[in-house]
Amino acid sequence: MTSPGPFAYVGKPTPSREAPRFVRGRGTFVDDIKLPGMLHAVIGRSPHAHARILSADGSRAARHPGVEAVVTSPEHVELTSPFRPGRYASGLGTHVPEYAMAAGKVRYVGEPVCALAASDRATAEDALSEIEVLYETLEAVTSPAQAVAPGAPLLFDEVGSNEVWRNAISYGDVEAAFREAEVVVRHTLSMHRYSSTPLEPFACVASYEKGGGTGALTVWCNAQAPEVIHDALRETLGIDDVRVVITDIGGSFGQKIHLIRKYVVITALLSMRCGKPVKWAEDRTEHLMAGGHACGQEFEVEAAVKRDGTVLGLRVREVDDVGGSLSTATIHFTNKLNNLFNTYRVGAISLEGTAVVTNKCPVVPNRGIGKPAMCFVWERTMDRIAAELGMDRLEVRLKNVVPTGAFPYTTPSGNIYDSGDYEGLLHTAAERMGYDELKAEQARARTDGRYLGIGIAMGIEPGGRNLSRDLALLPDVKGIPGSGGTSGATLRIERSGSVTVTLGVPSSGQGHETTAAQVVAEVLRIPPERVRVASTFDTTASPWGGASTNSGNNFHLYEIGAVHGAATQLRDKLLALAASVLGLPADELSFESDGVVRSKADPARKTGLVELARLAYNNTVLVPDGMEPGLQTTFMYRFPHAQPFAVPDEQRRVRAQFTFPASVHMALVEVDVSTGRVDVLRYLVVGDNGTIINPGVVEGQVIGSAAHGISVALGEAFAYGSDGQLLTRTLRDYGKSTTLTTPSIEVEHRGMPSPFTPLGQKAAGEGAAIPSPAAIASAVEDALEPLGVRVRDLPLGPESVWRLINGLPERVFD
């Protein structure tokens, strides 16, 4: 497979368009916004993990000097409507109304119970203590086992159980696979709760104006999915005229999709009550406590295997700890359809899942949303198979990967892997890492009492979300929109010959401005410096995009597809206009560098963007009949190859996502057996992201996501007490890695262009966070192999590793 190039600008190391303003402090974030008369809000939160709200009185706080609006949870429920259930909540079968504040009962520490707006933040914080909330405390449940035990207190009486959802799905003949197995490998695994910890926590500014029926509301916020906010405000507050503006965002990684809507609604309600703009900005403790966590997941795994290492089938039973909310209870389970078979040509798999509510922070999307755990299951199982059969771990993977000649490859679940060379990725990683030499060095080190370990993990990193994917596991959901996805981009050629681009989604740090400019430059043959990409998203001005395209690793497909489509439409219009001006057929013209359109036969006959733009806008009498004046277009992209399996068929096969990059991660670690400390000495990623539009952007995504996954594996974790109190409320307690403890990450690209996308591009945003936890687990287990240690659970902080070495029960992070 060859590149769709040659390219003039795509794939070239073009300087970042965003970075200069960020490093100079010229970015515009929500907290930079200042409006005349603006008030500052604070939110009161439950100190209890589980309690009934008996009463709430904000009258004293309302009399506090400087306070202009107070809302308690009983008032909030009276003044607003509940959120409309989304697909994940609808799939539960039982509808429980969800409000922005606790409704009658709190179910996790930090759940909002009141809020107020005052002249400044200090005054607001002082007055907050004067709101009196009376609780009847209830017993907290902090683990799935405790939650489903007989007599356990119920979080949601309407559901009748803390086990709020159960489902199973299978592909291929699983029973036959296990009948034919010569060896059955069994083990248990778990992934813990962690966070994306974006640099910028949640923030919003709301400004309500009366008049015009329901009034008009404008909000500025750092949500990555504007239409989630737009819908939430209309649904809960009954306002038709809603404008959502997204400026620069200091990171999101999926975390700023769901729970943030609660805080925007609360802030907007305060603005409605006082008639003034109101700003709210979350602090770090609030964010760690109640900003949303990745799901705690427990697995029982069985693999049906032949003695030569061939895997015939897999059984996985999963229990998800989804915390104290129902709105995203199934999200980490359904997302496993995206990489259900990982990189392996295995014929059969069954997946059974249970969602259990506990008195912890609700779960939200988090860089990969279930896919890191699915990869962890596969890669830990591959290592276990190698150990039980006495095979090399690299050999077992090579035995089972989808062969290079099989692409495009259709998995039993309906995903169509567009392109790949998994064997090449493995061989390249082993060669660059010096795999055989490292094994020899490891043996020598053991004689000196040093414990070196080599970790291997590989993973599919899917991109381009199909909205109907969830219906394979939530078949009874009614009224949820169907399949595919779409996003738009608007391009306008100015009279100066420069180009303005407005995207259908906001950027939260992924380099959208840089990448989009390169694509436009490629199509129109102008330098990227002549392309300006709007840095602010505004629902009143930006084309449609939203969560369907700004989550799930989607920008590369939908938005780049929209930009490429819009630029192509404008190029075709320019050729037609130039043909009219030059008096030549369009097929006798060529589009050349710097936007020049020239006769192929007579190079002296030419025109350019500036001349054509002035004609299109100012001399419309010369615009050919049937051609619209001006040089502006909006293109709505949809994936053109969704069939087959655009919607689940009778076997529940579905194209969960549309492009499938992959990578191999290898890690070299040293474990200090006296302390349990793990040092990562080397870390390598060999990846396939198809055609890379901007190498610097992709490299940054790979390094950043790998660093996150390594940190997750080595100690980044939330811990709760038996009373439901979060014990890790600061970054120091939480265990986030620093620049001093994050290894230098080597990256090598071995791209196989996708045959399904305009430029051959694939996703890159979530990728390295998916295999990296498994790679570290593999390396630590390999280091401690002489001690008989088996790594089943994360994180692998010093205490956990020390306990493993000494045969003690591992510290449980729940």
# chains A, B, ... in the order shown; residues from 1 in each chain; ligands from 1
$ residues_around --residues "Val597 (chain A)" --least-positions-apart "3" --cutoff "12 Å" --atoms "only C-alpha atoms" --output "PyMOL selection string"
chain A and resi 524-526+571-582+584+586-594+600+602-612
$ residues_around --residues "region 234-250 of chain A" --least-positions-apart "3" --cutoff "8 Å" --atoms "only C-alpha atoms" --output "mmCIF file with N, CA and C atoms, in the first residue's frame"
data_model
loop_
_atom_site.group_PDB
_atom_site.id
_atom_site.type_symbol
_atom_site.label_atom_id
_atom_site.label_comp_id
_atom_site.auth_asym_id
_atom_site.auth_seq_id
_atom_site.Cartn_x
_atom_site.Cartn_y
_atom_site.Cartn_z
ATOM 1 N N GLY A 27 -3.272 33.145 25.135
ATOM 2 C CA GLY A 27 -4.464 32.344 24.951
ATOM 3 C C GLY A 27 -5.639 32.966 25.689
ATOM 4 N N THR A 28 -6.845 32.640 25.246
ATOM 5 C CA THR A 28 -8.044 33.133 25.915
ATOM 6 C C THR A 28 -8.788 31.946 26.495
ATOM 7 N N PHE A 29 -8.678 31.789 27.818
ATOM 8 C CA PHE A 29 -9.361 30.711 28.521
ATOM 9 C C PHE A 29 -10.566 31.300 29.262
ATOM 10 N N VAL A 30 -11.454 30.437 29.732
ATOM 11 C CA VAL A 30 -12.698 30.924 30.346
ATOM 12 C C VAL A 30 -12.409 31.884 31.486
ATOM 13 N N LEU A 79 -36.992 24.499 40.225
ATOM 14 C CA LEU A 79 -36.859 25.508 39.180
ATOM 15 C C LEU A 79 -36.442 24.941 37.827
ATOM 16 N N THR A 80 -35.925 23.739 37.799
ATOM 17 C CA THR A 80 -35.394 23.180 36.558
ATOM 18 C C THR A 80 -36.043 21.848 36.228
ATOM 19 N N SER A 81 -35.828 21.415 35.009
ATOM 20 C CA SER A 81 -36.247 20.083 34.575
ATOM 21 C C SER A 81 -35.047 19.156 34.584
ATOM 22 N N PRO A 82 -35.282 17.852 34.683
ATOM 23 C CA PRO A 82 -34.134 16.931 34.634
ATOM 24 C C PRO A 82 -33.530 16.869 33.233
ATOM 25 N N PHE A 83 -32.296 16.388 33.163
ATOM 26 C CA PHE A 83 -31.663 16.164 31.866
ATOM 27 C C PHE A 83 -32.428 15.073 31.111
ATOM 28 N N ARG A 84 -32.466 15.208 29.815
ATOM 29 C CA ARG A 84 -33.028 14.135 28.995
ATOM 30 C C ARG A 84 -32.052 12.962 29.011
ATOM 31 N N PRO A 198 -6.758 17.244 33.430
ATOM 32 C CA PRO A 198 -6.377 18.325 32.506
ATOM 33 C C PRO A 198 -5.802 19.506 33.267
ATOM 34 N N LEU A 199 -4.915 20.250 32.626
ATOM 35 C CA LEU A 199 -4.305 21.404 33.290
ATOM 36 C C LEU A 199 -5.366 22.401 33.753
ATOM 37 N N GLU A 200 -6.396 22.581 32.947
ATOM 38 C CA GLU A 200 -7.468 23.522 33.278
ATOM 39 C C GLU A 200 -8.694 22.739 33.729
ATOM 40 N N PRO A 201 -9.117 22.878 34.989
ATOM 41 C CA PRO A 201 -10.364 22.224 35.409
ATOM 42 C C PRO A 201 -11.580 22.875 34.751
ATOM 43 N N THR A 214 -38.572 33.245 26.131
ATOM 44 C CA THR A 214 -37.863 32.598 27.241
ATOM 45 C C THR A 214 -36.565 33.314 27.592
ATOM 46 N N GLY A 215 -36.265 34.416 26.920
ATOM 47 C CA GLY A 215 -35.023 35.119 27.182
ATOM 48 C C GLY A 215 -33.887 34.538 26.363
ATOM 49 N N ALA A 216 -32.717 35.113 26.536
ATOM 50 C CA ALA A 216 -31.535 34.682 25.780
ATOM 51 C C ALA A 216 -30.402 34.387 26.751
ATOM 52 N N LEU A 217 -29.697 33.303 26.496
ATOM 53 C CA LEU A 217 -28.615 32.874 27.379
ATOM 54 C C LEU A 217 -27.351 32.634 26.556
ATOM 55 N N THR A 218 -26.267 33.245 26.986
ATOM 56 C CA THR A 218 -24.957 32.991 26.381
ATOM 57 C C THR A 218 -24.041 32.409 27.447
ATOM 58 N N VAL A 219 -23.379 31.332 27.117
ATOM 59 C CA VAL A 219 -22.411 30.755 28.046
ATOM 60 C C VAL A 219 -21.076 30.582 27.337
ATOM 61 N N TRP A 220 -20.017 30.867 28.074
ATOM 62 C CA TRP A 220 -18.659 30.570 27.650
ATOM 63 C C TRP A 220 -18.181 29.447 28.566
ATOM 64 N N CYS A 221 -17.699 28.352 28.004
ATOM 65 C CA CYS A 221 -17.257 27.255 28.864
ATOM 66 C C CYS A 221 -16.157 26.478 28.157
ATOM 67 N N ASN A 222 -15.508 25.585 28.887
ATOM 68 C CA ASN A 222 -14.421 24.805 28.301
ATOM 69 C C ASN A 222 -14.834 23.360 28.064
ATOM 70 N N ALA A 223 -16.098 23.187 27.647
ATOM 71 C CA ALA A 223 -16.589 21.849 27.299
ATOM 72 C C ALA A 223 -16.101 21.472 25.906
ATOM 73 N N PRO A 226 -19.863 21.003 22.500
ATOM 74 C CA PRO A 226 -20.779 22.142 22.681
ATOM 75 C C PRO A 226 -22.248 21.753 22.665
ATOM 76 N N ILE A 229 -23.751 20.742 25.980
ATOM 77 C CA ILE A 229 -24.081 21.916 26.805
ATOM 78 C C ILE A 229 -25.341 22.600 26.285
ATOM 79 N N HIS A 230 -25.418 22.788 24.987
ATOM 80 C CA HIS A 230 -26.569 23.443 24.362
ATOM 81 C C HIS A 230 -27.858 22.691 24.701
ATOM 82 N N ASP A 231 -27.843 21.379 24.526
ATOM 83 C CA ASP A 231 -29.029 20.572 24.832
ATOM 84 C C ASP A 231 -29.383 20.633 26.312
ATOM 85 N N VAL A 265 -25.198 24.441 33.910
ATOM 86 C CA VAL A 265 -26.605 24.676 34.243
ATOM 87 C C VAL A 265 -26.724 25.442 35.567
ATOM 88 N N LEU A 269 -28.331 29.166 35.968
ATOM 89 C CA LEU A 269 -29.477 29.426 36.837
ATOM 90 C C LEU A 269 -29.187 30.603 37.781
ATOM 91 N N PRO A 506 -14.582 22.540 18.758
ATOM 92 C CA PRO A 506 -13.500 23.280 19.418
ATOM 93 C C PRO A 506 -12.270 22.404 19.584
ATOM 94 N N SER A 507 -11.144 23.040 19.776
ATOM 95 C CA SER A 507 -9.908 22.312 20.065
ATOM 96 C C SER A 507 -9.642 22.343 21.560
ATOM 97 N N SER A 508 -9.178 21.231 22.094
ATOM 98 C CA SER A 508 -8.787 21.218 23.506
ATOM 99 C C SER A 508 -7.320 20.851 23.647
ATOM 100 N N GLY A 509 -6.529 21.308 22.668
ATOM 101 C CA GLY A 509 -5.092 21.135 22.757
ATOM 102 C C GLY A 509 -4.505 20.172 21.754
ATOM 103 N N SER A 535 -9.988 30.280 16.235
ATOM 104 C CA SER A 535 -9.661 29.581 17.484
ATOM 105 C C SER A 535 -10.843 29.512 18.443
ATOM 106 N N THR A 536 -11.946 30.193 18.121
ATOM 107 C CA THR A 536 -13.129 30.198 18.986
ATOM 108 C C THR A 536 -14.273 29.491 18.288
ATOM 109 N N PHE A 537 -14.947 28.615 19.031
ATOM 110 C CA PHE A 537 -16.147 27.945 18.527
ATOM 111 C C PHE A 537 -17.363 28.696 19.047
ATOM 112 N N ASP A 538 -18.351 28.899 18.192
ATOM 113 C CA ASP A 538 -19.557 29.639 18.575
ATOM 114 C C ASP A 538 -20.737 28.978 17.885
ATOM 115 N N THR A 539 -21.720 28.520 18.659
ATOM 116 C CA THR A 539 -22.849 27.814 18.055
ATOM 117 C C THR A 539 -23.648 28.691 17.100
ATOM 118 N N THR A 540 -23.504 30.010 17.206
ATOM 119 C CA THR A 540 -24.224 30.886 16.283
ATOM 120 C C THR A 540 -23.458 31.123 14.990
#
$ residues_around --residues "Tyr171 (chain A)" --least-positions-apart "4" --cutoff "6 Å" --atoms "only C-alpha atoms" --output "PyMOL selection string"
chain A and resi 348-349+412-413
$ residues_around --residues "Asp392 (chain A)" --least-positions-apart "3" --cutoff "12 Å" --atoms "only C-alpha atoms" --output "list in words"
Asp308, Gly309, Met382, Asp383, Arg384, Ile385, Ala386, Ala387, Glu388, Leu389, Glu395, Val396, Arg397, Leu398, Lys399, Tyr435, Asp436, Lys439, Ile454, Gly455, Ile456 and Asp782 of chain A
$ write_last_selection --atoms "C-alpha atoms" --output "compact mmCIF listing (two decimals), in the first residue's frame"
# COMPACT_ATOMS: atom_id res chain seq x y z
CA ASP A 308 1.49 -23.97 19.56
CA GLY A 309 0.20 -20.70 21.03
CA MET A 382 -0.91 -13.04 25.85
CA ASP A 383 1.86 -12.83 28.45
CA ARG A 384 0.11 -15.47 30.56
CA ILE A 385 -0.22 -17.81 27.57
CA ALA A 386 3.49 -17.39 26.82
CA ALA A 387 4.39 -18.20 30.42
CA GLU A 388 2.19 -21.30 30.61
CA LEU A 389 3.36 -22.68 27.26
CA GLU A 395 6.46 -15.23 19.41
CA VAL A 396 2.97 -15.66 20.87
CA ARG A 397 1.89 -12.30 19.51
CA LEU A 398 3.35 -12.97 16.06
CA LYS A 399 1.46 -16.26 16.04
CA TYR A 435 15.14 -7.27 22.24
CA ASP A 436 17.56 -10.22 22.09
CA LYS A 439 17.28 -10.46 27.28
CA ILE A 454 11.14 -6.10 29.30
CA GLY A 455 7.52 -5.26 28.61
CA ILE A 456 5.60 -5.79 25.38
CA ASP A 782 9.01 -9.90 33.58
$ select_by_dssp --residues "region 251-425 of chain A" --states "strand (DSSP E or B)" --output "number ranges by chain"
A: 278-281, 293, 296-305, 311-323, 344, 348-357, 363, 401, 409-410, 416-417
$ write_last_selection --atoms "C-alpha atoms" --output "PDB file, in the first residue's frame"
ATOM      1  CA  VAL A 278     -21.808  34.884  36.585  1.00  0.00           C
ATOM      2  CA  LYS A 279     -18.435  33.127  36.433  1.00  0.00           C
ATOM      3  CA  TRP A 280     -17.584  29.798  38.089  1.00  0.00           C
ATOM      4  CA  ALA A 281     -14.160  28.143  38.021  1.00  0.00           C
ATOM      5  CA  HIS A 293     -13.186   9.334  37.049  1.00  0.00           C
ATOM      6  CA  GLY A 296     -12.946   0.778  38.068  1.00  0.00           C
ATOM      7  CA  GLN A 297     -13.087  -2.541  36.188  1.00  0.00           C
ATOM      8  CA  GLU A 298     -12.650  -6.151  37.314  1.00  0.00           C
ATOM      9  CA  PHE A 299     -12.258  -9.094  34.942  1.00  0.00           C
ATOM     10  CA  GLU A 300     -12.388 -12.877  34.937  1.00  0.00           C
ATOM     11  CA  VAL A 301     -10.661 -14.088  31.780  1.00  0.00           C
ATOM     12  CA  GLU A 302     -10.420 -17.484  30.098  1.00  0.00           C
ATOM     13  CA  ALA A 303      -8.490 -18.148  26.893  1.00  0.00           C
ATOM     14  CA  ALA A 304      -8.885 -21.246  24.719  1.00  0.00           C
ATOM     15  CA  VAL A 305      -5.428 -22.031  23.323  1.00  0.00           C
ATOM     16  CA  VAL A 311      -5.644 -18.513  20.544  1.00  0.00           C
ATOM     17  CA  LEU A 312      -9.015 -19.954  19.512  1.00  0.00           C
ATOM     18  CA  GLY A 313     -11.319 -17.930  21.723  1.00  0.00           C
ATOM     19  CA  LEU A 314     -11.683 -15.685  24.747  1.00  0.00           C
ATOM     20  CA  ARG A 315     -14.262 -15.386  27.522  1.00  0.00           C
ATOM     21  CA  VAL A 316     -14.368 -12.179  29.560  1.00  0.00           C
ATOM     22  CA  ARG A 317     -16.629 -11.425  32.509  1.00  0.00           C
ATOM     23  CA  GLU A 318     -16.488  -7.810  33.616  1.00  0.00           C
ATOM     24  CA  VAL A 319     -17.790  -5.853  36.595  1.00  0.00           C
ATOM     25  CA  ASP A 320     -17.717  -2.046  36.353  1.00  0.00           C
ATOM     26  CA  ASP A 321     -17.778   0.275  39.358  1.00  0.00           C
ATOM     27  CA  VAL A 322     -19.652   3.230  37.831  1.00  0.00           C
ATOM     28  CA  GLY A 323     -19.934   5.390  40.962  1.00  0.00           C
ATOM     29  CA  TYR A 344      -5.528 -10.558  16.863  1.00  0.00           C
ATOM     30  CA  ALA A 348     -14.539 -16.204  18.907  1.00  0.00           C
ATOM     31  CA  ILE A 349     -15.074 -14.023  21.946  1.00  0.00           C
ATOM     32  CA  SER A 350     -17.753 -13.539  24.570  1.00  0.00           C
ATOM     33  CA  LEU A 351     -18.034 -10.477  26.802  1.00  0.00           C
ATOM     34  CA  GLU A 352     -20.381 -10.316  29.767  1.00  0.00           C
ATOM     35  CA  GLY A 353     -20.706  -7.076  31.669  1.00  0.00           C
ATOM     36  CA  THR A 354     -22.274  -5.796  34.854  1.00  0.00           C
ATOM     37  CA  ALA A 355     -22.520  -2.160  35.947  1.00  0.00           C
ATOM     38  CA  VAL A 356     -22.677  -1.569  39.699  1.00  0.00           C
ATOM     39  CA  VAL A 357     -23.304   1.796  41.363  1.00  0.00           C
ATOM     40  CA  VAL A 363     -17.451   7.754  35.768  1.00  0.00           C
ATOM     41  CA  VAL A 401      -1.830 -11.092  14.896  1.00  0.00           C
ATOM     42  CA  TYR A 409      -9.707  -7.171   7.639  1.00  0.00           C
ATOM     43  CA  THR A 410     -13.200  -7.765   9.018  1.00  0.00           C
ATOM     44  CA  ILE A 416     -13.207  -3.394   9.361  1.00  0.00           C
ATOM     45  CA  TYR A 417      -9.534  -2.735  10.010  1.00  0.00           C
TER      46      TYR A 417
END
$ residues_around --residues "Gly488 (chain A)" --least-positions-apart "2" --cutoff "8 Å" --atoms "only C-alpha atoms" --output "MDAnalysis selection string"
chainID A and resid 486 490 503:504 543:545 558:559 562:563 634:637
$ closest_residue --among "A:Val67, A:Ile260, A:Leu134, A:Val671" --to "Glu781 (chain A)" --atoms "only C-alpha atoms"
A:Val671
$ residues_around --residues "Pro755 (chain A)" --least-positions-apart "5" --cutoff "9 Å" --atoms "only C-alpha atoms" --output "count of residues only"
7
$ residues_around --residues "Pro65 (chain A)" --least-positions-apart "3" --cutoff "12 Å" --atoms "only C-alpha atoms" --output "VMD selection string"
chain A and resid 60 to 62 68 to 69 117 to 120 122 to 124 126 to 127
$ atom_distance --atom1 "CA of Thr738 (chain A)" --atom2 "CA of Val801 (chain A)"
19.7 Å
$ atom_distance --atom1 "CA of Gly484 (chain A)" --atom2 "CA of Phe645 (chain A)"
10.4 Å
$ closest_residue --among "A:Ser73, A:Asn342, A:Ser468, A:Gln442" --to "Arg653 (chain A)" --atoms "only C-alpha atoms"
A:Ser468
$ closest_residue --among "A:Val364, A:Leu473, A:Leu804, A:Ala89" --to "Phe253 (chain A)" --atoms "only C-alpha atoms"
A:Val364
$ select_by_dssp --residues "region 271-427 of chain A" --states "alpha helix (DSSP H)" --output "VMD selection string"
chain A and resid 271 to 274 284 to 290 331 to 334 371 to 389 393 to 400 422 to 427
$ closest_residue --among "A:Pro798, A:Pro771, A:Gly715, A:Gly696" --to "Asp672 (chain A)" --atoms "only C-alpha atoms"
A:Pro798
